file work27.txt (compact mmCIF, C-alpha atoms)
# COMPACT_ATOMS: atom_id res chain seq x y z
CA MET J 1 19.93 -3.61 -8.36
CA TYR J 2 23.23 -2.01 -7.49
CA SER J 3 24.81 -3.50 -4.40
CA PHE J 4 24.29 -1.89 -0.99
CA GLU J 5 24.54 -2.73 2.66
CA LEU J 6 21.22 -3.28 4.45
CA VAL J 7 20.90 -2.60 8.18
CA ARG J 8 17.83 -3.14 10.32
CA PRO J 9 18.10 -1.11 13.55
CA LYS J 10 15.65 -1.72 16.39
CA SER J 11 15.56 1.86 17.68
CA LEU J 12 14.98 5.29 16.14
CA ALA J 13 18.28 6.54 17.58
CA GLU J 14 20.25 3.78 15.83
CA ALA J 15 18.41 4.46 12.57
CA LEU J 16 19.18 8.19 12.70
CA SER J 17 22.82 7.42 13.37
CA ALA J 18 22.97 4.99 10.43
CA LEU J 19 21.33 7.55 8.13
CA LYS J 20 24.16 10.04 8.78
CA GLU J 21 26.37 8.05 6.41
CA GLU J 22 26.73 9.56 2.96
CA ASP J 23 24.22 8.14 0.45
CA ALA J 24 22.37 6.20 3.16
CA GLN J 25 18.65 5.90 2.47
CA ALA J 26 15.73 5.02 4.74
CA LEU J 27 13.62 2.00 3.71
CA GLY J 28 9.98 1.94 4.78
CA GLY J 29 7.86 -0.90 3.41
CA GLY J 30 9.81 -0.83 0.15
CA GLN J 31 6.78 -1.03 -2.12
CA THR J 32 8.03 1.96 -4.11
CA LEU J 33 11.72 1.97 -3.24
CA ILE J 34 12.46 -1.66 -4.12
CA PRO J 35 11.01 -1.36 -7.66
CA THR J 36 12.99 1.90 -7.98
CA LEU J 37 16.19 0.12 -6.96
CA LYS J 38 15.48 -2.70 -9.42
CA GLN J 39 15.31 -0.15 -12.20
CA ARG J 40 18.64 1.29 -11.02
CA LEU J 41 17.04 4.68 -10.56
CA ALA J 42 18.68 4.96 -7.12
CA GLN J 43 22.06 3.89 -5.84
CA PRO J 44 22.22 4.12 -2.04
CA SER J 45 25.38 2.92 -0.28
CA LYS J 46 23.33 1.74 2.65
CA LEU J 47 19.65 1.04 3.20
CA VAL J 48 18.37 1.63 6.71
CA SER J 49 15.26 -0.49 7.16
CA LEU J 50 12.73 1.04 9.54
CA SER J 51 10.67 -2.16 9.75
CA ALA J 52 12.05 -3.35 13.10
CA ILE J 53 11.52 -0.07 14.97
CA ASP J 54 8.49 -0.72 17.17
CA GLU J 55 8.45 2.83 18.59
CA ILE J 56 7.24 4.26 15.24
CA LYS J 57 4.43 1.73 14.74
CA GLY J 58 0.82 1.68 15.88
CA VAL J 59 -2.33 3.76 16.10
CA CYS J 60 -3.64 5.76 19.10
CA VAL J 61 -5.73 8.81 19.97
CA ASP J 62 -4.07 11.76 21.74
CA ASP J 63 -5.50 14.14 24.37
CA ASP J 64 -6.74 16.49 21.64
CA GLY J 65 -8.73 13.68 20.00
CA ARG J 66 -6.32 13.42 17.08
CA LEU J 67 -5.70 10.03 15.51
CA CYS J 68 -1.96 9.42 15.77
CA ILE J 69 -0.41 6.89 13.41
CA GLY J 70 3.21 5.81 13.67
CA GLY J 71 5.21 6.37 10.49
CA GLY J 72 6.11 2.68 10.30
CA THR J 73 2.49 1.53 10.42
CA THR J 74 1.38 -0.43 7.36
CA HIS J 75 -1.74 0.37 5.35
CA GLY J 76 -3.14 -2.99 6.47
CA GLU J 77 -2.64 -2.13 10.13
CA ILE J 78 -4.32 1.24 9.57
CA VAL J 79 -7.33 -0.52 8.05
CA ALA J 80 -7.45 -2.78 11.11
CA SER J 81 -6.95 -0.14 13.83
CA ALA J 82 -7.90 3.36 12.65
CA GLY J 83 -11.66 2.86 12.98
CA ASP J 84 -11.98 6.30 14.63
CA TYR J 85 -11.47 7.85 11.19
CA PRO J 86 -13.57 5.81 8.72
CA ALA J 87 -12.68 7.88 5.64
CA LEU J 88 -8.98 7.24 6.30
CA VAL J 89 -9.63 3.51 6.72
CA SER J 90 -11.53 3.53 3.44
CA LEU J 91 -8.61 5.26 1.71
CA ALA J 92 -6.03 2.84 3.17
CA SER J 93 -8.13 -0.19 2.21
CA ARG J 94 -7.95 0.80 -1.47
CA ILE J 95 -4.19 1.34 -1.79
CA GLY J 96 -2.54 -1.15 -4.16
CA ASP J 97 -3.55 -4.71 -3.30
CA PRO J 98 -3.64 -6.74 -0.06
CA ALA J 99 0.00 -7.86 -0.22
CA VAL J 100 1.19 -4.32 -0.90
CA ARG J 101 -0.90 -3.05 2.02
CA ASN J 102 0.82 -5.55 4.32
CA ARG J 103 4.24 -3.99 3.60
CA GLY J 104 3.76 -0.35 2.57
CA THR J 105 3.78 2.25 5.36
CA ILE J 106 2.17 5.65 5.78
CA GLY J 107 5.52 7.25 6.62
CA GLY J 108 7.10 5.84 3.50
CA SER J 109 4.23 7.02 1.34
CA ILE J 110 4.24 10.62 2.52
CA ALA J 111 8.04 10.87 2.61
CA ASN J 112 8.04 9.83 -1.05
CA ASN J 113 5.14 12.19 -1.91
CA ASP J 114 4.26 10.52 -5.18
CA PRO J 115 1.98 12.94 -7.04
CA SER J 116 -0.58 10.12 -7.32
CA ALA J 117 -0.33 8.77 -3.76
CA CYS J 118 -3.49 8.67 -1.64
CA TYR J 119 -2.26 9.61 1.87
CA PRO J 120 -1.02 13.11 0.94
CA ALA J 121 -4.64 14.04 0.11
CA ALA J 122 -5.83 12.75 3.50
CA CYS J 123 -3.04 14.60 5.33
CA LEU J 124 -3.69 17.89 3.55
CA ALA J 125 -7.50 17.75 3.77
CA SER J 126 -7.38 16.75 7.45
CA ASN J 127 -4.83 19.47 8.30
CA ALA J 128 -2.63 16.72 9.73
CA THR J 129 0.66 17.29 11.49
CA ILE J 130 3.64 15.28 10.31
CA CYS J 131 6.01 14.53 13.20
CA THR J 132 9.62 13.64 12.55
CA ASP J 133 12.46 12.68 14.84
CA HIS J 134 13.03 16.34 15.77
CA ARG J 135 10.07 18.53 14.74
CA GLU J 136 6.40 18.82 13.83
CA ILE J 137 5.45 19.99 10.33
CA PRO J 138 1.92 21.07 9.29
CA ALA J 139 0.71 19.24 6.17
CA ASP J 140 0.33 22.62 4.39
CA GLU J 141 4.12 23.05 4.65
CA PHE J 142 5.16 19.39 4.32
CA PHE J 143 4.16 18.66 0.72
CA GLN J 144 6.29 20.85 -1.54
CA GLY J 145 5.76 19.46 -5.03
CA MET J 146 6.09 16.24 -6.98
CA PHE J 147 8.29 13.89 -4.89
CA MET J 148 9.35 16.93 -2.80
CA THR J 149 8.74 17.36 0.93
CA ALA J 150 9.99 19.50 3.80
CA LEU J 151 12.04 16.53 5.07
CA GLU J 152 15.77 17.05 5.43
CA GLU J 153 18.41 14.43 4.65
CA GLY J 154 18.19 11.61 7.13
CA GLU J 155 14.99 12.87 8.78
CA ILE J 156 12.42 10.17 9.61
CA VAL J 157 8.61 10.51 9.72
CA THR J 158 7.80 9.11 13.16
CA GLU J 159 4.07 9.91 13.38
CA VAL J 160 1.19 11.51 11.52
CA ARG J 161 -1.49 13.20 13.66
CA PHE J 162 -4.90 13.54 12.05
CA PRO J 163 -7.61 15.82 13.49
CA VAL J 164 -10.76 13.74 12.89
CA PRO J 165 -13.32 15.71 10.81
CA GLN J 166 -17.06 15.76 11.50
CA LYS J 167 -17.57 14.34 8.03
CA ALA J 168 -15.14 13.17 5.40
CA ASN J 169 -14.90 11.10 2.24
CA TYR J 170 -12.24 10.06 -0.24
CA GLN J 171 -13.12 9.51 -3.87
CA LYS J 172 -10.52 7.64 -5.90
CA PHE J 173 -10.81 7.37 -9.67
CA ALA J 174 -8.43 4.45 -9.99
CA GLN J 175 -6.13 3.90 -12.95
CA PRO J 176 -6.84 0.16 -13.13
CA ALA J 177 -3.38 -1.08 -14.12
CA SER J 178 -1.45 0.74 -11.40
CA ARG J 179 -4.31 1.07 -8.89
CA PHE J 180 -3.06 4.60 -8.20
CA PRO J 181 -5.67 7.35 -8.49
CA LEU J 182 -5.87 9.07 -11.85
CA VAL J 183 -7.46 11.72 -9.65
CA GLY J 184 -8.27 11.42 -5.95
CA VAL J 185 -10.28 13.91 -3.91
CA PHE J 186 -10.41 14.01 -0.12
CA VAL J 187 -13.08 16.24 1.39
CA ALA J 188 -13.06 16.92 5.15
CA ARG J 189 -15.62 19.03 7.01
CA PHE J 190 -14.58 20.52 10.35
CA SER J 191 -16.56 22.80 12.65
CA ASP J 192 -14.54 25.79 11.36
CA GLY J 193 -14.65 24.98 7.63
CA VAL J 194 -14.15 22.50 4.83
CA ARG J 195 -10.85 21.39 3.30
CA VAL J 196 -10.57 19.77 -0.13
CA ALA J 197 -7.32 18.12 -1.24
CA ILE J 198 -6.62 16.79 -4.72
CA THR J 199 -4.06 14.12 -5.60
CA GLY J 200 -3.07 12.46 -8.87
CA ALA J 201 -3.91 15.53 -10.91
CA SER J 202 -1.20 18.16 -10.62
CA GLU J 203 2.37 18.41 -11.83
CA GLY J 204 2.99 20.10 -8.48
CA GLY J 205 1.71 17.13 -6.47
CA VAL J 206 -1.12 17.24 -3.95
CA PHE J 207 -2.91 20.59 -3.59
CA ARG J 208 -5.97 22.21 -2.02
CA TRP J 209 -8.89 23.37 -4.16
CA THR J 210 -9.53 26.56 -2.23
CA GLU J 211 -12.47 27.80 -4.33
CA ALA J 212 -14.39 24.62 -3.54
CA GLU J 213 -13.38 24.89 0.12
CA GLU J 214 -14.93 28.36 0.36
CA ALA J 215 -18.13 27.32 -1.41
CA LEU J 216 -18.50 24.15 0.68
CA SER J 217 -17.78 25.95 3.94
CA ASP J 218 -20.87 28.11 3.23
CA ASN J 219 -23.02 25.26 1.95
CA PHE J 220 -21.86 21.65 2.37
CA SER J 221 -23.73 20.15 -0.57
CA PRO J 222 -22.79 19.04 -4.11
CA GLU J 223 -24.83 21.96 -5.47
CA ALA J 224 -22.45 24.42 -3.85
CA ILE J 225 -19.71 23.64 -6.38
CA GLU J 226 -21.93 23.41 -9.47
CA GLY J 227 -20.88 26.86 -10.71
CA LEU J 228 -17.15 26.23 -10.19
CA THR J 229 -14.61 25.02 -12.73
CA ALA J 230 -11.35 23.40 -11.68
CA SER J 231 -8.50 24.91 -13.69
CA ALA J 232 -6.53 22.62 -15.99
CA ASP J 233 -3.41 24.82 -15.67
CA GLY J 234 -0.48 22.78 -14.36
CA LEU J 235 -2.40 19.51 -14.37
CA ILE J 236 -0.84 16.28 -15.62
CA THR J 237 -1.34 15.11 -19.18
CA ASP J 238 -0.29 11.52 -19.87
CA LEU J 239 -1.52 8.53 -21.85
CA HIS J 240 -4.22 7.87 -19.25
CA GLY J 241 -5.85 11.28 -19.43
CA SER J 242 -5.41 14.90 -20.46
CA ALA J 243 -5.18 17.88 -18.12
CA ALA J 244 -8.70 18.92 -19.14
CA TYR J 245 -10.02 15.43 -18.32
CA ARG J 246 -8.34 15.50 -14.92
CA ALA J 247 -9.80 18.97 -14.26
CA HIS J 248 -13.24 17.59 -15.08
CA LEU J 249 -12.67 14.63 -12.74
CA ILE J 250 -11.69 16.96 -9.90
CA LYS J 251 -15.08 18.62 -9.95
CA VAL J 252 -17.07 15.42 -10.44
CA LEU J 253 -15.22 13.58 -7.68
CA THR J 254 -15.47 16.52 -5.29
CA GLY J 255 -19.23 16.50 -5.77
CA ARG J 256 -19.36 12.75 -5.17
CA ALA J 257 -17.20 13.06 -2.06
CA VAL J 258 -19.46 15.74 -0.60
CA LYS J 259 -22.55 13.69 -1.39
CA ALA J 260 -21.06 10.58 0.18
CA ALA J 261 -19.88 12.50 3.27
CA ALA J 262 -22.99 14.61 3.82
CA MET B 1 27.10 -11.14 2.87
CA ALA B 2 25.27 -11.59 6.14
CA LYS B 3 23.58 -14.57 7.72
CA VAL B 4 19.78 -14.40 7.74
CA SER B 5 17.74 -16.85 9.80
CA MET B 6 14.02 -17.48 9.75
CA ARG B 7 11.49 -20.26 10.05
CA VAL B 8 10.05 -21.45 6.74
CA ASN B 9 7.10 -23.85 6.82
CA GLY B 10 7.90 -24.61 10.44
CA LYS B 11 11.60 -25.39 9.94
CA SER B 12 14.47 -23.19 11.10
CA VAL B 13 16.61 -22.19 8.13
CA SER B 14 19.41 -19.77 7.42
CA ALA B 15 21.55 -18.62 4.53
CA ASP B 16 24.28 -16.09 3.78
CA VAL B 17 22.77 -13.41 1.57
CA GLU B 18 23.58 -9.93 0.27
CA GLY B 19 21.69 -6.83 1.41
CA ARG B 20 19.98 -6.70 -1.97
CA THR B 21 18.90 -10.37 -1.95
CA LEU B 22 15.13 -10.54 -2.22
CA LEU B 23 13.13 -12.90 -0.02
CA VAL B 24 12.00 -14.80 -3.11
CA GLU B 25 15.63 -15.23 -4.23
CA MET B 26 16.59 -16.70 -0.87
CA LEU B 27 13.61 -19.05 -0.91
CA ARG B 28 14.22 -20.27 -4.44
CA GLY B 29 18.04 -20.26 -4.33
CA PRO B 30 19.78 -21.35 -1.14
CA LEU B 31 16.60 -22.83 0.39
CA GLY B 32 15.61 -24.66 -2.80
CA LEU B 33 11.91 -23.87 -2.41
CA THR B 34 11.07 -23.24 -6.05
CA GLY B 35 7.31 -23.49 -5.61
CA THR B 36 7.20 -19.72 -5.10
CA HIS B 37 7.37 -18.19 -8.56
CA VAL B 38 8.77 -14.96 -9.93
CA GLY B 39 6.43 -13.65 -12.59
CA CYS B 40 6.80 -9.95 -13.21
CA ASP B 41 9.42 -9.05 -10.58
CA THR B 42 7.68 -5.68 -10.31
CA SER B 43 5.17 -6.50 -7.52
CA GLN B 44 2.21 -6.52 -9.86
CA CYS B 45 1.49 -10.17 -10.73
CA GLY B 46 1.42 -11.85 -7.30
CA ALA B 47 3.01 -15.16 -8.38
CA CYS B 48 5.54 -14.70 -5.54
CA VAL B 49 3.04 -14.22 -2.69
CA VAL B 50 4.10 -15.91 0.56
CA HIS B 51 3.06 -15.32 4.16
CA VAL B 52 5.42 -13.50 6.52
CA ASN B 53 4.26 -13.62 10.13
CA GLY B 54 0.82 -14.59 8.86
CA LYS B 55 0.48 -11.74 6.35
CA ALA B 56 0.49 -12.15 2.57
CA VAL B 57 3.39 -10.27 1.00
CA LYS B 58 5.04 -10.17 -2.40
CA ALA B 59 8.35 -11.94 -1.87
CA CYS B 60 9.86 -10.15 -4.87
CA THR B 61 9.37 -6.82 -3.12
CA MET B 62 10.86 -7.57 0.26
CA PHE B 63 14.51 -8.10 1.15
CA ALA B 64 15.46 -11.43 2.68
CA ALA B 65 17.17 -9.65 5.57
CA GLU B 66 13.86 -8.05 6.49
CA ALA B 67 12.44 -11.52 7.19
CA GLU B 68 15.11 -12.14 9.86
CA GLY B 69 13.40 -14.01 12.70
CA ALA B 70 10.08 -14.23 10.83
CA GLU B 71 7.70 -17.13 10.36
CA VAL B 72 7.41 -17.65 6.61
CA THR B 73 4.91 -19.94 4.88
CA THR B 74 5.29 -20.82 1.21
CA ILE B 75 3.22 -22.96 -1.13
CA GLU B 76 5.31 -25.95 0.00
CA GLY B 77 3.80 -25.46 3.45
CA MET B 78 0.21 -25.67 2.25
CA ALA B 79 -0.04 -29.45 1.82
CA ASN B 80 -1.37 -31.65 4.59
CA ALA B 81 1.12 -33.38 6.90
CA ASP B 82 0.76 -36.63 4.93
CA GLY B 83 1.69 -34.88 1.69
CA SER B 84 -1.84 -34.81 0.27
CA LEU B 85 -3.19 -31.54 -1.09
CA GLY B 86 -4.49 -28.99 1.42
CA THR B 87 -8.10 -27.82 1.26
CA ILE B 88 -7.43 -24.82 -0.99
CA GLN B 89 -5.08 -26.77 -3.25
CA GLN B 90 -7.61 -29.58 -3.59
CA ALA B 91 -10.34 -27.08 -4.48
CA PHE B 92 -8.12 -25.60 -7.20
CA GLN B 93 -7.77 -29.11 -8.63
CA ASP B 94 -11.46 -29.96 -8.25
CA TYR B 95 -12.68 -26.76 -9.88
CA HIS B 96 -9.93 -26.53 -12.50
CA GLY B 97 -8.70 -23.26 -11.01
CA LEU B 98 -5.51 -23.37 -13.06
CA GLN B 99 -4.36 -23.97 -16.58
CA CYS B 100 -0.63 -23.35 -17.01
CA GLY B 101 -0.27 -23.16 -13.23
CA PHE B 102 2.36 -20.42 -13.09
CA CYS B 103 0.26 -18.03 -11.02
CA THR B 104 -1.19 -20.78 -8.83
CA PRO B 105 1.27 -20.67 -5.90
CA GLY B 106 0.49 -16.98 -5.43
CA MET B 107 -3.23 -17.54 -5.94
CA VAL B 108 -3.32 -20.26 -3.30
CA MET B 109 -1.33 -18.14 -0.81
CA SER B 110 -3.55 -15.11 -1.39
CA ALA B 111 -6.65 -17.30 -1.06
CA ALA B 112 -5.34 -18.65 2.24
CA ALA B 113 -4.74 -15.13 3.53
CA LEU B 114 -8.23 -14.07 2.47
CA LEU B 115 -9.96 -17.05 4.10
CA LYS B 116 -8.06 -16.49 7.34
CA ASP B 117 -9.48 -12.95 7.62
CA ASN B 118 -12.81 -13.62 5.94
CA PRO B 119 -13.86 -17.30 6.18
CA LYS B 120 -16.96 -16.90 3.96
CA PRO B 121 -16.11 -14.30 1.32
CA THR B 122 -18.60 -13.30 -1.35
CA GLU B 123 -17.71 -13.57 -5.02
CA SER B 124 -17.03 -9.83 -5.22
CA GLU B 125 -14.87 -9.93 -2.09
CA ILE B 126 -12.80 -12.74 -3.61
CA ARG B 127 -12.39 -10.87 -6.88
CA HIS B 128 -11.45 -7.66 -5.08
CA TYR B 129 -8.94 -9.50 -2.89
CA LEU B 130 -7.24 -11.02 -5.94
CA GLU B 131 -6.56 -7.60 -7.50
CA GLY B 132 -2.86 -8.15 -6.99
CA ASN B 133 -2.75 -11.66 -8.49
CA ILE B 134 -2.74 -11.87 -12.24
CA CYS B 135 -3.73 -15.01 -14.19
CA ARG B 136 -3.45 -14.96 -17.98
CA CYS B 137 -5.13 -18.34 -18.62
CA THR B 138 -8.27 -18.94 -16.66
CA GLY B 139 -10.20 -15.70 -16.84
CA TYR B 140 -10.44 -16.07 -13.03
CA HIS B 141 -13.87 -17.71 -12.92
CA ASN B 142 -12.63 -21.11 -11.84
CA ILE B 143 -10.17 -19.58 -9.38
CA VAL B 144 -13.05 -17.71 -7.75
CA LYS B 145 -15.11 -20.91 -7.71
CA ALA B 146 -12.25 -22.87 -6.16
CA ILE B 147 -11.83 -20.33 -3.37
CA GLN B 148 -15.54 -20.25 -2.71
CA ALA B 149 -15.58 -24.05 -2.60
CA ALA B 150 -12.56 -24.10 -0.27
CA SER B 151 -14.51 -21.85 2.09
CA GLY B 152 -17.29 -24.44 2.19
CA GLN B 153 -19.74 -22.36 0.16
CA ASP B 154 -21.97 -23.36 -2.72
CA VAL B 155 -20.33 -22.37 -6.00
CA GLY B 156 -23.50 -22.62 -8.05
CA ALA B 157 -24.16 -18.93 -7.52
CA ILE B 158 -21.07 -17.77 -9.45
CA ALA B 159 -22.53 -15.88 -12.38
CA ALA B 160 -20.20 -16.27 -15.34
CA GLU B 161 -19.43 -19.67 -16.78

call {"tool": "encode", "arguments": {"input": "work27.txt", "output": "structure tokens"}}
result
Amino acid sequence: MYSFELVRPKSLAEALSALKEEDAQALGGGQTLIPTLKQRLAQPSKLVSLSAIDEIKGVCVDDDGRLCIGGGTTHGEIVASAGDYPALVSLASRIGDPAVRNRGTIGGSIANNDPSACYPAACLASNATICTDHREIPADEFFQGMFMTALEEGEIVTEVRFPVPQKANYQKFAQPASRFPLVGVFVARFSDGVRVAITGASEGGVFRWTEAEEALSDNFSPEAIEGLTASADGLITDLHGSAAYRAHLIKVLTGRAVKAAA
Amino acid sequence: MAKVSMRVNGKSVSADVEGRTLLVEMLRGPLGLTGTHVGCDTSQCGACVVHVNGKAVKACTMFAAEAEGAEVTTIEGMANADGSLGTIQQAFQDYHGLQCGFCTPGMVMSAAALLKDNPKPTESEIRHYLEGNICRCTGYHNIVKAIQAASGQDVGAIAAE
């Protein structure tokens, strides 16, 4: 690792102030950033740890019935306290391994927007709102491509607000060495329609499979998508699987998610 | 350099460390607690698992400064007060849950974290929980047996021999 200064503010205001410094970088749980630093793929002058800021931790339900999760909440804490949204708990309980889940945070995951991360699929399928220190961003606008988000320099994810669907399920086809999804599909059924979000598959990061959404909104059953084909255009090809294989998985996993949710 | 203080295995300790100093480096270096191992240094193998405020974490993927004020337990804290092996350690010995022993500190710490949350885990729960702990010698069977024995359960039901 290159050398840097590490600060650990106790309030959001102090963290925002520290992040104004040139080349300062926020540190969530560090489960992605620390390996990145070890590989010298990043060279921040200062790391601003968010782990001591209690005001961005915890899980609650707001007046609109949305599940609100602080950006600094770990996957393990979400498993323990987000029981109002079982599909989200199920997703969180399968990220990495137990020790990783005790450090990694939801805010860190979505700010990084790894194209194979699990939470972006939950956020997009649930039509979540990502709250930062100064604004609220709909999930449809937040995720802007592989490792790209709507976040500005020095902006911190303080909370993610999830409308809780009537039915939902997350299917993860795990790549066993990394435990990231080779393809992950999150299906969420609301009273006004179905949303289907795909992670792990696209060179553009998480995306919605709108054809399946339309078919499932009319008929929420695996049969509804039988006639559809997920396009392989723009999907990832790597040593674990071709674009065509990932496209096949998208359809299979969507069907499984609907079956499990229905 | 900045001074970082914490409690490790019940004792107050401190050391001057850099921002980039990992928790495992502070434990093994200035604190001299070399029982915690560094295997892969990429947060995959789990040899460095310790408990921070009661939660299992990979000490190679956490900065020492982030443990400021924390209660840390390492493998050195797992023995009984008289120095004899703790229940989980003894079960690893009894059931031959190690061969070269390099992964064992992390295995024991992960097992302790599992049994705290789930005192009577099934075989599949144990195997699932150990996803982040890699052992290249044993094939895991005897590790699973040892953990099941440490939880007071009959190990006869473990399928593979």

call {"tool": "residues_around", "arguments": {"input": "work27.txt", "residues": "Gln44 in chain B", "least_positions_apart": "4", "cutoff": "12 Å", "atoms": "only C-alpha atoms", "output": "PyMOL selection string"}}
result
(chain J and resi 31-32+35+96-100+176-179) or (chain B and resi 38-40+48-49+57-61+103+106+130-135)

call {"tool": "residues_around", "arguments": {"input": "work27.txt", "residues": "Thr138 in chain B", "least_positions_apart": "4", "cutoff": "7 Å", "atoms": "only C-alpha atoms", "output": "MDAnalysis selection string"}}
result
chainID B and resid 98:99 142

call {"tool": "atom_distance", "arguments": {"input": "work27.txt", "atom1": "CA of Ile88 in chain B", "atom2": "CA of Gly152 in chain B"}}
result
10.4 Å

call {"tool": "residues_near_point", "arguments": {"input": "work27.txt", "point": "(-9.2, -16.9, 4.3)", "cutoff": "12 Å", "atoms": "only C-alpha atoms", "output": "ChimeraX atom specification"}}
result
/B:54-56,87-88,107-122,125-126,129-130,147-152

call {"tool": "interface_residues", "arguments": {"input": "work27.txt", "of": "chain J", "to": "chain B", "cutoff": "12 Å", "atoms": "all atoms listed in the file", "output": "PyMOL selection string"}}
result
chain J and resi 1-10+27-39+43-53+74+76-77+80+93-104+176-179

call {"tool": "closest_residue", "arguments": {"input": "work27.txt", "among": "B:Ala79, B:Val72, B:Arg28, B:Gly35", "to": "Ser12 in chain B", "atoms": "only C-alpha atoms"}}
result
B:Val72

call {"tool": "residues_around", "arguments": {"input": "work27.txt", "residues": "Val79 in chain J", "least_positions_apart": "3", "cutoff": "8 Å", "atoms": "all atoms listed in the file", "output": "number ranges by chain"}}
result
J: 75-76, 82-83, 89-90, 92-93

call {"tool": "residues_around", "arguments": {"input": "work27.txt", "residues": "Pro138 in chain J", "least_positions_apart": "4", "cutoff": "12 Å", "atoms": "all atoms listed in the file", "output": "PyMOL selection string"}}
result
chain J and resi 120+123-132+142-144+149-151+160-163

call {"tool": "residues_around", "arguments": {"input": "work27.txt", "residues": "Gly10 in chain B", "least_positions_apart": "3", "cutoff": "8 Å", "atoms": "only C-alpha atoms", "output": "ChimeraX atom specification"}}
result
/B:7,71-73

call {"tool": "write_last_selection", "arguments": {"input": "work27.txt", "atoms": "C-alpha atoms", "output": "PDB file, in the coordinates of the input"}}
result
ATOM      1  CA  ARG B   7      11.490 -20.260  10.050  1.00  0.00           C
ATOM      2  CA  GLU B  71       7.700 -17.130  10.360  1.00  0.00           C
ATOM      3  CA  VAL B  72       7.410 -17.650   6.610  1.00  0.00           C
ATOM      4  CA  THR B  73       4.910 -19.940   4.880  1.00  0.00           C
TER       5      THR B  73
END

call {"tool": "build_atoms", "arguments": {"input": "work27.txt", "residues": "range 149-153 of chain B", "atoms": "all heavy atoms", "output": "PDB file, in the frame of the given file"}}
result
ATOM      1  N   ALA B 149     -15.412 -22.662  -3.018  1.00  0.00           N
ATOM      2  CA  ALA B 149     -15.580 -24.050  -2.600  1.00  0.00           C
ATOM      3  C   ALA B 149     -14.705 -24.371  -1.381  1.00  0.00           C
ATOM      4  O   ALA B 149     -15.145 -25.030  -0.443  1.00  0.00           O
ATOM      5  CB  ALA B 149     -15.242 -24.997  -3.755  1.00  0.00           C
ATOM      6  N   ALA B 150     -13.465 -23.845  -1.398  1.00  0.00           N
ATOM      7  CA  ALA B 150     -12.560 -24.100  -0.270  1.00  0.00           C
ATOM      8  C   ALA B 150     -13.103 -23.508   1.026  1.00  0.00           C
ATOM      9  O   ALA B 150     -12.793 -23.990   2.117  1.00  0.00           O
ATOM     10  CB  ALA B 150     -11.177 -23.526  -0.574  1.00  0.00           C
ATOM     11  N   SER B 151     -13.939 -22.468   0.891  1.00  0.00           N
ATOM     12  CA  SER B 151     -14.510 -21.850   2.090  1.00  0.00           C
ATOM     13  C   SER B 151     -15.800 -22.556   2.501  1.00  0.00           C
ATOM     14  O   SER B 151     -16.490 -22.113   3.414  1.00  0.00           O
ATOM     15  CB  SER B 151     -14.793 -20.363   1.829  1.00  0.00           C
ATOM     16  OG  SER B 151     -15.875 -20.213   0.919  1.00  0.00           O
ATOM     17  N   GLY B 152     -16.130 -23.654   1.807  1.00  0.00           N
ATOM     18  CA  GLY B 152     -17.290 -24.440   2.190  1.00  0.00           C
ATOM     19  C   GLY B 152     -18.597 -23.871   1.667  1.00  0.00           C
ATOM     20  O   GLY B 152     -19.679 -24.237   2.138  1.00  0.00           O
ATOM     21  N   GLN B 153     -18.529 -22.974   0.688  1.00  0.00           N
ATOM     22  CA  GLN B 153     -19.740 -22.360   0.160  1.00  0.00           C
ATOM     23  C   GLN B 153     -20.145 -23.007  -1.158  1.00  0.00           C
ATOM     24  O   GLN B 153     -19.322 -23.565  -1.874  1.00  0.00           O
ATOM     25  CB  GLN B 153     -19.519 -20.860  -0.057  1.00  0.00           C
ATOM     26  CG  GLN B 153     -19.151 -20.111   1.219  1.00  0.00           C
ATOM     27  CD  GLN B 153     -19.088 -18.620   0.977  1.00  0.00           C
ATOM     28  OE1 GLN B 153     -20.078 -17.923   1.093  1.00  0.00           O
ATOM     29  NE2 GLN B 153     -17.904 -18.136   0.632  1.00  0.00           N
TER      30      GLN B 153
END
